[in-house]
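Asker: Below is a structure I'd like to ask you about.
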Amino acid sequence: MQGLGLDRLRRPRPRIPRPGDFLVASPSLQDPNFRRTLIYMLQHDDEGSAGVIVNRSSDVSSRDLDVPVWALAARVRNGGPVATNSILALAEDANALPLPDELGGPGVRLIDLEKDEEPPSSRQLQIFVGYAGWGAGQLLSEITRDDWHVVAGQPQDLFAPEPEVLWSQVLRRQPDPTRLWSTLPELPATN
């Protein structure tokens, strides 16, 4: 981001991610797996970190997956480059306060599609194919390098009908200078 002068902006001190937080990809992160992604954190501890990309739609339909009938109405998103043959389901649950050994954050519950019964119809359900994962210490190294910024998550973002605009929407809710990234064009060099 040196050519844009953003390298001179005072950045907020990095913070440690918690389940329920979002990782926002820095505009300088060019890895195609993660460029302009927003990742909902499911786990972060001494053993590693895991989350799902929430702002990438999938060409796959829930009808193409091995899911219970009650989950067929759920939207499907590309959750990340790891284990792309697996699926995770998250449901909105205002009463969910995860226990230390559970995945997910406040207001969201991980649904086991093989064991759990249908959630109440008032809950929204989102299916993710694959996930994003990091080994022990790897994510903190990337955060220190300014590849990611940790921000407070809002569960309703997981279920937004237009995931492609979430990266900019979440950035606009942040304080300056992070908020300014929301206005960057997709390809800054061509601006």
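Convention: chains lettered A, B, ... in structure tokens order; per-chain residue numbering from 1; ligands numbered from 1 as shown.
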Find the spatial neighbours of A:Trp134, counting only C-alpha atoms, within a cut-off of 6 Å - ignore same-chain residues fewer than 4 positions away - and output them as a list in words.
Answerer: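 Residues meeting the cut-off are Gly48, Ser49, Gln138 and Leu139 of chain A.
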Asker: Store the residues of this selection in a file with N, CA and C atoms, as a PDB file, in the first residue's frame.
Answerer:
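The result, stored in selection02.pdb:
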ATOM      1  N   GLY A  48      -4.176 -23.338  17.265  1.00  0.00           N
ATOM      2  CA  GLY A  48      -4.390 -22.783  15.938  1.00  0.00           C
ATOM      3  C   GLY A  48      -5.664 -21.973  15.886  1.00  0.00           C
ATOM      4  N   SER A  49      -6.044 -21.621  14.672  1.00  0.00           N
ATOM      5  CA  SER A  49      -7.208 -20.765  14.463  1.00  0.00           C
ATOM      6  C   SER A  49      -8.024 -21.293  13.293  1.00  0.00           C
ATOM      7  N   GLN A 138       0.507 -18.926  13.560  1.00  0.00           N
ATOM      8  CA  GLN A 138       0.513 -18.431  12.184  1.00  0.00           C
ATOM      9  C   GLN A 138      -0.374 -17.196  12.012  1.00  0.00           C
ATOM     10  N   LEU A 139      -1.580 -17.230  12.541  1.00  0.00           N
ATOM     11  CA  LEU A 139      -2.491 -16.097  12.374  1.00  0.00           C
ATOM     12  C   LEU A 139      -1.948 -14.858  13.083  1.00  0.00           C
TER      13      LEU A 139
END
Asker: Extract, using only C-alpha atoms, all DNA, RNA and protein residues at most 9 Å from stretch 17-30 of chain A, discarding same-chain residues fewer than 5 positions from it, and format them as JSON, numbers by chain.
Answerer: {"A": [1, 35, 36, 37, 38, 39, 40, 41, 42, 43, 44, 45, 51, 98, 103, 104, 105, 106, 107, 108, 140, 146, 147, 148, 149, 150, 151, 152, 153, 154, 155, 167, 170, 171, 181, 184, 186]}
Asker: So that I can check the secondary structure, give me every residue of stretch 2-191 of chain A assigned helix (DSSP H, G or I) by backbone DSSP, as a ChimeraX atom specification.
Answerer: /A:2-4,6-8,62-64,69-71,138-144,155-159,163-172,178-183,188-190
Asker: Between atom CA of A:Asp66 and atom CA of A:Pro163, what is the spacing in Å?
Answerer: 23.1 Å
Asker: How many Å separate atom CA of A:Leu166 from atom CA of A:Glu47?
Answerer: 28.8 Å
Asker: At what distance in Å, to one decimal, does atom CA of A:Ala160 lie from atom CA of A:Pro68?
Answerer: 22.3 Å
Asker: Name the closest residue to A:Ile143 among the candidates A:Thr178, A:Arg109, A:Arg15, A:Phe128; distances are taken between atoms, counting only C-alpha atoms.
Answerer: A:Arg15
Asker: Tell me, which residues of stretch 6-175 of chain A carry DSSP strand (DSSP E), written as a ChimeraX atom specification?
Answerer: /A:22-25,38-45,48-53,75-78,82-92,108-111,125-135,148-151
